[in-house]
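Student: Next comes the structure file work_8.cif, holding mmCIF, C-alpha atoms and all ligand atoms.
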```cif
data_query
loop_
_atom_site.label_atom_id
_atom_site.label_comp_id
_atom_site.auth_asym_id
_atom_site.auth_seq_id
_atom_site.Cartn_x
_atom_site.Cartn_y
_atom_site.Cartn_z
CA MET O 13 -19.74 27.47 10.68
CA ALA O 14 -16.05 26.66 10.47
CA MET O 15 -14.74 24.34 13.15
CA SER O 16 -12.94 26.33 15.79
CA PRO O 17 -9.70 24.41 16.00
CA SER O 18 -8.35 23.78 19.46
CA LYS O 19 -4.84 24.44 18.17
CA PRO O 20 -3.93 27.12 15.63
CA ILE O 21 -3.66 25.70 12.11
CA ASP O 22 -0.09 24.73 11.24
CA LYS O 23 0.26 26.28 7.81
CA THR O 24 3.59 24.62 7.08
CA ARG O 25 2.17 21.11 7.25
CA GLY O 26 1.21 20.93 3.57
CA LYS O 27 4.45 22.52 2.34
CA LEU O 28 5.69 21.33 -1.05
CA PRO O 29 8.41 18.72 -0.41
CA PRO O 30 11.66 18.93 -2.41
CA THR O 31 10.52 15.92 -4.47
CA LEU O 32 7.78 18.02 -6.11
CA ARG O 33 7.41 21.11 -8.28
CA ILE O 34 4.46 23.10 -9.60
CA GLY O 35 4.23 23.71 -13.32
CA ARG O 36 1.94 24.21 -16.30
CA SER O 37 -0.20 21.15 -16.85
CA GLY O 38 -1.43 19.59 -20.07
CA LEU O 39 -4.56 18.58 -18.18
CA HIS O 40 -5.74 21.82 -16.62
CA GLY O 41 -4.07 25.05 -15.51
CA TYR O 42 -1.23 24.28 -13.14
CA GLY O 43 -0.30 20.86 -11.87
CA VAL O 44 2.08 19.20 -9.45
CA PHE O 45 4.98 17.22 -10.88
CA ALA O 46 7.51 14.79 -9.47
CA ARG O 47 11.09 16.11 -9.57
CA ASP O 48 12.57 12.75 -8.77
CA PHE O 49 11.55 9.13 -8.77
CA ILE O 50 8.82 8.51 -6.17
CA PRO O 51 8.16 4.91 -5.13
CA GLU O 52 4.73 3.30 -4.95
CA GLY O 53 3.11 3.69 -1.55
CA GLU O 54 4.99 6.90 -0.66
CA LYS O 55 3.07 9.50 1.37
CA ILE O 56 3.94 12.38 -0.93
CA ILE O 57 2.21 15.47 0.40
CA GLU O 58 -0.54 16.24 2.88
CA TYR O 59 -3.77 17.77 1.56
CA VAL O 60 -4.32 20.53 4.10
CA GLY O 61 -6.93 23.20 4.57
CA GLU O 62 -9.69 24.28 6.82
CA ARG O 63 -11.55 21.46 8.52
CA VAL O 64 -15.24 22.27 8.11
CA THR O 65 -18.55 20.65 8.95
CA LYS O 66 -20.71 19.29 6.13
CA THR O 67 -23.17 22.15 6.59
CA GLU O 68 -20.41 24.70 6.16
CA SER O 69 -19.10 22.74 3.21
CA TRP O 70 -22.50 22.89 1.48
CA ARG O 71 -22.73 26.62 2.15
CA ARG O 72 -19.34 27.07 0.49
CA GLU O 73 -20.46 24.94 -2.43
CA ASP O 74 -23.32 27.40 -3.02
CA LEU O 75 -20.80 30.25 -3.00
CA ARG O 76 -18.67 28.34 -5.49
CA LEU O 77 -21.65 27.88 -7.80
CA ALA O 78 -22.37 31.61 -7.56
CA ARG O 79 -18.74 32.31 -8.54
CA LEU O 80 -19.11 29.90 -11.44
CA LYS O 81 -22.15 31.83 -12.70
CA ARG O 82 -20.11 35.03 -12.61
CA GLY O 83 -17.36 33.33 -14.58
CA GLY O 84 -14.89 33.32 -11.68
CA ASP O 85 -12.65 30.60 -10.28
CA SER O 86 -14.96 27.65 -9.83
CA CYS O 87 -12.50 24.87 -9.03
CA VAL O 88 -13.51 22.45 -6.31
CA TYR O 89 -11.02 22.11 -3.47
CA VAL O 90 -13.19 20.33 -0.93
CA PHE O 91 -11.90 16.95 0.14
CA GLU O 92 -14.38 14.65 1.85
CA VAL O 93 -12.89 13.20 5.02
CA ASN O 94 -15.93 11.41 6.39
CA LYS O 95 -19.68 11.80 6.86
CA ARG O 96 -19.21 14.72 9.23
CA TYR O 97 -16.22 16.69 8.06
CA ASP O 98 -14.56 17.96 4.90
CA ILE O 99 -11.28 19.71 4.30
CA ASP O 100 -11.61 22.93 2.31
CA GLY O 101 -8.27 23.12 0.54
CA ARG O 102 -8.89 26.49 -1.07
CA VAL O 103 -6.02 28.08 0.85
CA SER O 104 -2.65 29.37 -0.34
CA TRP O 105 -0.82 27.08 2.11
CA ASN O 106 -2.18 23.96 0.40
CA PRO O 107 -0.02 23.35 -2.69
CA ALA O 108 -1.67 19.91 -3.06
CA ARG O 109 -4.78 21.75 -4.27
CA ARG O 110 -2.95 22.06 -7.60
CA ILE O 111 -2.97 18.31 -8.14
CA ASN O 112 -5.25 17.59 -11.09
CA HIS O 113 -7.85 14.90 -11.47
CA SER O 114 -7.34 11.92 -13.74
CA CYS O 115 -9.69 9.02 -14.41
CA ALA O 116 -6.60 6.80 -14.47
CA PRO O 117 -4.72 8.38 -11.57
CA ASN O 118 -1.22 7.63 -10.30
CA CYS O 119 -1.98 8.78 -6.74
CA GLU O 120 -4.86 8.59 -4.28
CA GLY O 121 -5.94 10.58 -1.24
CA LEU O 122 -5.90 8.48 1.90
CA ASP O 123 -7.21 9.24 5.35
CA TYR O 124 -4.65 8.84 8.12
CA SER O 125 -6.68 9.48 11.29
CA GLY O 126 -8.47 12.47 9.82
CA ARG O 127 -5.48 13.82 7.91
CA ILE O 128 -5.45 13.35 4.15
CA TRP O 129 -2.26 12.32 2.41
CA ILE O 130 -1.67 12.03 -1.31
CA VAL O 131 -0.08 8.61 -1.74
CA ALA O 132 1.58 7.14 -4.86
CA LEU O 133 -0.48 4.32 -6.39
CA ARG O 134 2.54 3.25 -8.41
CA ASP O 135 6.12 4.32 -9.02
CA LEU O 136 6.33 7.85 -10.43
CA ALA O 137 8.99 8.88 -12.90
CA PRO O 138 10.75 12.26 -12.74
CA ASP O 139 8.62 14.97 -14.43
CA GLU O 140 5.47 12.89 -14.24
CA GLU O 141 2.39 14.87 -13.24
CA LEU O 142 0.66 13.73 -10.06
CA THR O 143 -3.06 12.99 -10.36
CA TYR O 144 -5.76 11.49 -8.23
CA ASP O 145 -9.42 10.64 -8.78
CA TYR O 146 -11.46 13.50 -7.31
CA GLY O 147 -14.22 10.95 -6.81
CA PHE O 148 -17.06 13.39 -7.49
CA ASP O 149 -20.59 12.21 -7.13
CA VAL O 150 -22.75 11.94 -10.22
CA ASP O 151 -25.18 14.78 -9.32
CA ASP O 152 -23.59 17.72 -11.16
CA TRP O 153 -21.46 15.78 -13.58
CA ARG O 154 -22.03 18.10 -16.55
CA GLU O 155 -20.31 20.88 -14.63
CA HIS O 156 -17.03 19.01 -14.46
CA PRO O 157 -15.81 18.03 -17.91
CA CYS O 158 -12.63 15.95 -17.92
CA ARG O 159 -9.90 16.05 -20.51
CA CYS O 160 -7.56 13.52 -18.92
CA GLY O 161 -7.55 11.38 -22.05
CA ALA O 162 -7.49 8.10 -20.13
CA LYS O 163 -9.21 5.05 -21.56
CA ALA O 164 -11.31 4.89 -18.39
CA CYS O 165 -12.49 8.49 -18.91
CA CYS O 166 -16.18 9.13 -19.61
CA GLY O 167 -15.51 12.80 -20.46
CA TYR O 168 -16.53 14.04 -17.03
CA ILE O 169 -15.06 13.97 -13.54
CA VAL O 170 -17.12 11.30 -11.83
CA LYS O 171 -15.98 8.60 -9.44
CA ARG O 172 -15.14 5.33 -11.13
CA SER O 173 -18.08 3.36 -9.72
CA LEU O 174 -20.59 5.85 -11.18
CA ARG O 175 -19.12 6.51 -14.63
CA TRP O 176 -21.44 3.93 -16.22
CA ARG O 177 -24.38 6.18 -15.39
CA VAL O 178 -22.82 9.10 -17.27
CA ARG O 179 -21.98 6.84 -20.20
CA ARG O 180 -25.55 5.59 -20.30
CA VAL O 181 -26.98 9.14 -20.40
CA LEU O 182 -24.49 10.22 -23.07
CA ALA O 183 -25.25 7.13 -25.19
CA ALA O 184 -29.00 7.79 -24.96
CA GLU O 185 -28.43 11.43 -25.96
CA SER O 186 -26.30 10.57 -28.96
CA ALA O 187 -28.82 7.93 -30.06
CA ALA O 188 -31.61 10.52 -29.82
CA LYS O 189 -29.56 12.97 -31.90
CA LYS O 190 -29.02 10.37 -34.63
CA LYS O 191 -32.77 9.76 -34.88
CA LYS O 192 -33.49 13.45 -35.60
ZN ZN Z 201 -11.04 11.75 -17.33
#
```
Rewrite the structure of this file - the entire thing - as structure tokens.
Tutor:
Amino acid sequence: MAMSPSKPIDKTRGKLPPTLRIGRSGLHGYGVFARDFIPEGEKIIEYVGERVTKTESWRREDLRLARLKRGGDSCVYVFEVNKRYDIDGRVSWNPARRINHSCAPNCEGLDYSGRIWIVALRDLAPDEELTYDYGFDVDDWREHPCRCGAKACCGYIVKRSLRWRVRRVLAAESAAKKKK
């Protein structure tokens, strides 16, 4: 069940600021780019969407997997806020949903009292694409291949602290192949 918000959702909150533009990405589909210099630590754009309970979030994940099976849009737009709530950013009024994942990101999503802001981890140059680490768990890693090209990349979108597990599985698989 979606949370019934006490106030109507303000759909202008996540609006693209003049410092950003959306464009074709070398990473995946469309991405969000800096128009101008953005300093480290800047709160760049809010990641908005529907605030949902975990149960609702899991239900939506099942729907997403069903879409994936049918070959439809299977991107993940759920942002984990805490143990109880997520933000489902699959809404047209959330341009931050276009920000791609990178294993060596230049931004991060930070929780400011339950609201998620995309914040610059370092200075961004004009025309640089914004990225953050989606921080996916290791459970369904094969479903989320990564082509970010970073040194820290294990070939899949998995949070940094768990990438060693993916590397270990991949190494075992390639060793098994060589034996054949
Ligand atoms: Zn990567």
Student: Set the cut-off to 9 Å, count all atoms listed in the file, and list whatever residues fall near ligand ZN 201 (chain Z) as an MDAnalysis selection string.
Tutor: chainID O and resid 113:116 145 157:170
Student: With distances taken over all atoms listed in the file, which residue among O:Leu182, O:Ile50, O:Leu142, O:Val64 lies nearest O:Ile34?
Tutor: O:Leu142
Student: Which residues, protein or nucleic acid, reach to within 7 Å of (-23.7, 12.3, -16.1) in the file's coordinates when using all atoms listed in the file, and can you give that as a VMD selection string?
Tutor: chain O and resid 150 153 to 154 177 to 178 181
Student: Can you work out the spacing between atom CA of O:Glu68 and atom CA of O:Glu92 in Å, to one decimal?
Tutor: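 Here the two named atoms are 12.5 Å from each other.
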Student: I'd like the contact shell of O:Arg25 - 8 Å cut-off, all atoms listed in the file, skipping same-chain residues fewer than 3 positions apart - returned as a PDB file with C-alpha atoms, in the coordinates of the input.
Tutor:
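As a result, selection.pdb now contains:
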```pdb
ATOM      1  CA  ASP O  22      -0.090  24.730  11.240  1.00  0.00           C
ATOM      2  CA  GLU O  58      -0.540  16.240   2.880  1.00  0.00           C
ATOM      3  CA  VAL O  60      -4.320  20.530   4.100  1.00  0.00           C
TER       4      VAL O  60
END
```
Student: Figure out the distance between atom CA of O:Leu136 and atom CA of O:Phe49, please, to one decimal in Å.
Tutor: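 A separation of 5.6 Å between them.
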Student: For the point (-17.5, 22.8, 0.1) in file coordinates, what residues are within 10 Å, counting only C-alpha atoms? Give the answer as a ChimeraX atom specification?
Tutor: /O:64-76,88-92,98-102
Student: Calculate how many Å separate atom CA of O:Asp149 from atom CA of O:Lys189, rounding to one decimal.
Tutor: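 Taking atom CA of O:Asp149 as the start and atom CA of O:Lys189 as the end point, the length is 26.4 Å.
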Student: Env of O:Pro107: 7 Å cut, atoms = all atoms listed in the file, seq-sep filter 5 positions within chain, self excluded. Answer as a VMD selection string.
Tutor: chain O and resid 26 to 28
Student: Using only C-alpha atoms, can you tell me which of O:Lys95, O:Arg180, O:His156, O:Arg172 comes closest to O:Leu80?
Tutor: O:His156
Student: Using all atoms listed in the file for the distances, tell me which of O:Lys55, O:Glu120, O:Arg63, O:Lys171 is nearest to O:Arg96.
Tutor: O:Arg63
Student: Point out the residue among O:Leu122, O:Glu54, O:Glu141, O:Arg79 with the least atom-to-atom distance to O:Arg33, counting all atoms listed in the file.
Tutor: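 That would be O:Glu141, the residue with the smallest distance to O:Arg33.
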Student: I'd like to know which of O:Glu62, O:Asp48, O:Glu140, O:Glu185 is closest to O:Asn106, using all atoms listed in the file.
Tutor: O:Glu62
Student: Padding of 5 Å on every side, edges along x, y and z, all listed atoms of stretch 116-123 of chain O included: what centre and edge lengths in Å, to one decimal, does that box have, as lines of an AutoDock Vina configuration file?
Tutor:
```
center_x = -4.2
center_y = 8.7
center_z = -4.6
size_x = 16.0
size_y = 13.8
size_z = 29.8
```
Student: Counting all atoms listed in the file, figure out which residue out of O:Pro117, O:Gly35, O:Pro30, O:Pro20 gets nearest to O:Ile57.
Tutor: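 Ranking O:Pro117, O:Gly35, O:Pro30, O:Pro20 by distance to O:Ile57, first place goes to O:Pro30.
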Student: Add whatever atoms are absent from stretch 146-164 of chain O to reach N, CA and C atoms, and provide the output as a PDB file, in the coordinates of the input.
Tutor:
```pdb
ATOM      1  N   TYR O 146     -10.744  12.628  -8.230  1.00  0.00           N
ATOM      2  CA  TYR O 146     -11.460  13.500  -7.310  1.00  0.00           C
ATOM      3  C   TYR O 146     -12.683  12.800  -6.706  1.00  0.00           C
ATOM      4  N   GLY O 147     -13.141  11.745  -7.372  1.00  0.00           N
ATOM      5  CA  GLY O 147     -14.220  10.950  -6.810  1.00  0.00           C
ATOM      6  C   GLY O 147     -15.538  11.696  -6.661  1.00  0.00           C
ATOM      7  N   PHE O 148     -15.817  12.618  -7.597  1.00  0.00           N
ATOM      8  CA  PHE O 148     -17.060  13.390  -7.490  1.00  0.00           C
ATOM      9  C   PHE O 148     -18.266  12.478  -7.645  1.00  0.00           C
ATOM     10  N   ASP O 149     -19.327  12.901  -6.992  1.00  0.00           N
ATOM     11  CA  ASP O 149     -20.590  12.210  -7.130  1.00  0.00           C
ATOM     12  C   ASP O 149     -21.149  12.519  -8.519  1.00  0.00           C
ATOM     13  N   VAL O 150     -22.239  11.851  -8.863  1.00  0.00           N
ATOM     14  CA  VAL O 150     -22.750  11.940 -10.220  1.00  0.00           C
ATOM     15  C   VAL O 150     -23.732  13.119 -10.385  1.00  0.00           C
ATOM     16  N   ASP O 151     -24.108  13.764  -9.271  1.00  0.00           N
ATOM     17  CA  ASP O 151     -25.180  14.780  -9.320  1.00  0.00           C
ATOM     18  C   ASP O 151     -24.970  15.890 -10.345  1.00  0.00           C
ATOM     19  N   ASP O 152     -23.817  16.560 -10.288  1.00  0.00           N
ATOM     20  CA  ASP O 152     -23.590  17.720 -11.160  1.00  0.00           C
ATOM     21  C   ASP O 152     -22.526  17.412 -12.196  1.00  0.00           C
ATOM     22  N   TRP O 153     -22.572  16.215 -12.745  1.00  0.00           N
ATOM     23  CA  TRP O 153     -21.460  15.780 -13.580  1.00  0.00           C
ATOM     24  C   TRP O 153     -21.192  16.684 -14.768  1.00  0.00           C
ATOM     25  N   ARG O 154     -22.244  17.281 -15.350  1.00  0.00           N
ATOM     26  CA  ARG O 154     -22.030  18.100 -16.550  1.00  0.00           C
ATOM     27  C   ARG O 154     -21.161  19.320 -16.283  1.00  0.00           C
ATOM     28  N   GLU O 155     -21.107  19.716 -15.007  1.00  0.00           N
ATOM     29  CA  GLU O 155     -20.310  20.880 -14.630  1.00  0.00           C
ATOM     30  C   GLU O 155     -18.823  20.612 -14.618  1.00  0.00           C
ATOM     31  N   HIS O 156     -18.453  19.338 -14.633  1.00  0.00           N
ATOM     32  CA  HIS O 156     -17.030  19.010 -14.460  1.00  0.00           C
ATOM     33  C   HIS O 156     -16.505  18.169 -15.608  1.00  0.00           C
ATOM     34  N   PRO O 157     -16.366  18.794 -16.792  1.00  0.00           N
ATOM     35  CA  PRO O 157     -15.810  18.030 -17.910  1.00  0.00           C
ATOM     36  C   PRO O 157     -14.370  17.610 -17.622  1.00  0.00           C
ATOM     37  N   CYS O 158     -13.977  16.460 -18.150  1.00  0.00           N
ATOM     38  CA  CYS O 158     -12.630  15.950 -17.920  1.00  0.00           C
ATOM     39  C   CYS O 158     -11.927  15.770 -19.259  1.00  0.00           C
ATOM     40  N   ARG O 159     -10.681  16.210 -19.297  1.00  0.00           N
ATOM     41  CA  ARG O 159      -9.900  16.050 -20.510  1.00  0.00           C
ATOM     42  C   ARG O 159      -8.645  15.229 -20.236  1.00  0.00           C
ATOM     43  N   CYS O 160      -8.768  14.266 -19.330  1.00  0.00           N
ATOM     44  CA  CYS O 160      -7.560  13.520 -18.920  1.00  0.00           C
ATOM     45  C   CYS O 160      -7.080  12.578 -20.016  1.00  0.00           C
ATOM     46  N   GLY O 161      -7.977  12.208 -20.926  1.00  0.00           N
ATOM     47  CA  GLY O 161      -7.550  11.380 -22.050  1.00  0.00           C
ATOM     48  C   GLY O 161      -7.349   9.910 -21.720  1.00  0.00           C
ATOM     49  N   ALA O 162      -7.659   9.511 -20.500  1.00  0.00           N
ATOM     50  CA  ALA O 162      -7.490   8.100 -20.130  1.00  0.00           C
ATOM     51  C   ALA O 162      -8.565   7.245 -20.779  1.00  0.00           C
ATOM     52  N   LYS O 163      -8.243   5.989 -20.992  1.00  0.00           N
ATOM     53  CA  LYS O 163      -9.210   5.050 -21.560  1.00  0.00           C
ATOM     54  C   LYS O 163     -10.450   4.967 -20.674  1.00  0.00           C
ATOM     55  N   ALA O 164     -10.225   5.031 -19.366  1.00  0.00           N
ATOM     56  CA  ALA O 164     -11.310   4.890 -18.390  1.00  0.00           C
ATOM     57  C   ALA O 164     -12.153   6.151 -18.259  1.00  0.00           C
TER      58      ALA O 164
END
```
